[in-house]
Amino acid sequence: MNKRDYYEALGVGRSASEKEIKRAYRRLARKLHPDVNPNNKSAEAKFKEVTEAYEVLSDAAKRRHYDQFGHQPPFGPGYEGAQHPGGGPGGFDFSQFDLGGPGGVEDLFSDLFGRRGYTPQAGPSKGEDLHYSLDLNFRDAIRGLSTEISLQRHAACPTCQGTGVGVGGQLEGCPTCRGSGRARAGRGLFGGHQACPRCRGTGKLPSTPCGSCKGDGTVLKTERISVKIPPGVENGSTIRVQGKGQSGRTGGPPGDLYIGTRVRPHAFFERKGDNLYCEVPISVTEAALGARIDVPTVDGKASMRIPPETSSGQVFRLRGMGVPHLKGSGRGDQFVTVKIVLPRNLDARSQELFRELGRVRPEDPRSEIWKG
Ligand SMILES: [Zn+2]
Ligand SMILES: [Zn+2]
């Protein structure tokens, strides 16, 4: 598995100061902390990643080692915790982190969430964003596309409108946390308080849970979502579809859906920015005498004039036949490189004609090379 660069994980430059690293980590930790994102595997993975990155980059010695050697070779003795937190997939043992001493991760967290531990967020919270990767063929990326994608998301339970309360029931104080929304957590990094796992920190539970969602308020639904891909997207573009992420908790707004595009390359066209490049063969006669030829474009055929005395490798521009600009109006251009192709299997008559041409025009095309 490729490990992400620690600086990249924290979104800071390689020359970031200690302060900048701390600030970046605080911002990410607030967003990704498991207490804020219960049962969110992707947030949990990201949280581990940024925590590990912070563990290393906030320690001058570890950072120097990382700058010099990267993730490989492994950190030496004393750095095991930083290299393999939790000892592989599945487990993440926070206790492996360096808990001692001021400035450690624990210190930062008590700082971040208050001395008495993290106070869970109650009340409405926005749903998580969803990410989807969409494969597009070359032309669809250029012309745009209306399509439907199918994805699973937690949507507000239609039976209880997302409240989790069943028929005749109401919201009552959670018996586990006695309505506080907080629970004692075990030892380790986040010792102190955590969001109550039973009520997810809201402090309330339905007296009669909704039968459809078992009181959760959300149901997993496979949904078909119409998306419009604008003309001109490229490999790695992101399109935001508002409100199509996970539904919010306790009446919060839904998250957004982010569609990342993966564009397959084309056999004939090459794209650089909004310009298209291609190579088109022409005959000796067309090159010598000029011609009008048909050239493929993303819109179909276009007629292009080859002037007399065209050489192989000459480039012609078809203005406005490139990719529509994603931002603003207009389009890029298409650049056509011509390549002269000789006739094959010359018969006696054709050979005679070329010899004749050689006698009439006994030129040396390489004479320029020897000058200077
Ligand atoms: Zn509770
Ligand atoms: Zn329900």
# chains A, B, ... in the order shown; residues from 1 in each chain; ligands from 1
>>> residues_near_ligand(ligand="ligand 1", cutoff="7 Å", atoms="only C-alpha atoms and all ligand atoms", output="count of residues only")
18
>>> residues_around(residues="Ser312 in chain A", least_positions_apart="2", cutoff="7 Å", atoms="only C-alpha atoms", output="PDB file with N, CA and C atoms, in the first residue's frame")
ATOM      1  N   THR A 310       3.530  21.408 -49.341  1.00  0.00           N
ATOM      2  CA  THR A 310       3.500  21.147 -47.890  1.00  0.00           C
ATOM      3  C   THR A 310       4.500  20.046 -47.548  1.00  0.00           C
ATOM      4  N   GLN A 314       4.477  19.540 -41.040  1.00  0.00           N
ATOM      5  CA  GLN A 314       3.864  20.876 -40.937  1.00  0.00           C
ATOM      6  C   GLN A 314       2.582  20.773 -40.100  1.00  0.00           C
ATOM      7  N   VAL A 338       0.689  17.053 -40.373  1.00  0.00           N
ATOM      8  CA  VAL A 338       0.575  16.167 -41.540  1.00  0.00           C
ATOM      9  C   VAL A 338       1.845  15.346 -41.692  1.00  0.00           C
ATOM     10  N   LYS A 339       1.629  14.146 -42.193  1.00  0.00           N
ATOM     11  CA  LYS A 339       2.753  13.224 -42.385  1.00  0.00           C
ATOM     12  C   LYS A 339       2.626  12.668 -43.805  1.00  0.00           C
ATOM     13  N   ILE A 340       3.668  12.903 -44.610  1.00  0.00           N
ATOM     14  CA  ILE A 340       3.602  12.431 -45.996  1.00  0.00           C
ATOM     15  C   ILE A 340       3.867  10.933 -46.034  1.00  0.00           C
TER      16      ILE A 340
END
>>> residues_near_ligand(ligand="ligand 2", cutoff="10 Å", atoms="only C-alpha atoms and all ligand atoms", output="compact mmCIF listing (two decimals) with C-alpha atoms, in the first residue's frame")
# COMPACT_ATOMS: atom_id res chain seq x y z
CA ALA A 156 -33.51 10.18 5.99
CA CYS A 157 -35.88 7.39 6.95
CA PRO A 158 -39.14 8.08 5.11
CA THR A 159 -41.24 6.44 7.83
CA CYS A 160 -40.13 8.72 10.68
CA GLN A 161 -38.78 11.62 8.60
CA GLY A 162 -35.36 11.00 10.07
CA THR A 163 -36.32 11.45 13.72
CA GLY A 164 -36.01 7.75 14.58
CA VAL A 165 -39.24 7.98 16.58
CA GLY A 166 -41.84 5.28 16.01
CA VAL A 167 -45.61 5.63 16.01
CA PRO A 209 -37.99 3.37 17.97
CA CYS A 210 -39.19 3.61 14.39
CA GLY A 211 -39.69 0.11 13.00
CA SER A 212 -38.19 0.90 9.59
CA CYS A 213 -34.86 2.31 10.75
CA LYS A 214 -34.72 0.82 14.27
CA GLY A 215 -34.50 4.33 15.67
CA ASP A 216 -31.46 5.30 13.64
CA GLY A 217 -33.31 7.92 11.60
CA THR A 218 -31.58 6.89 8.40
CA VAL A 219 -31.93 3.98 6.02
>>> atom_distance(atom1="CA of Glu20 in chain A", atom2="CA of His33 in chain A")
19.3 Å
>>> atom_distance(atom1="CA of Lys19 in chain A", atom2="CA of Tyr54 in chain A")
11.5 Å
>>> residues_around(residues="Val12 in chain A", least_positions_apart="2", cutoff="12 Å", atoms="only C-alpha atoms", output="ChimeraX atom specification")
/A:5-10,14-25,27-28,50,53-54,57
>>> atom_distance(atom1="CA of Val341 in chain A", atom2="CA of Gly290 in chain A")
14.4 Å
>>> residues_around(residues="Asp274 in chain A", least_positions_apart="4", cutoff="12 Å", atoms="only C-alpha atoms", output="PyMOL selection string")
chain A and resi 141-142+231-234+269-270+319-327+329-335
>>> closest_residue(among="A:Arg361, A:Lys46, A:Arg139, A:His71", to="His266 in chain A", atoms="only C-alpha atoms")
A:Arg139
>>> closest_residue(among="A:Pro365, A:Gly173, A:Gly260, A:Pro230", to="Tyr132 in chain A", atoms="only C-alpha atoms")
A:Gly260
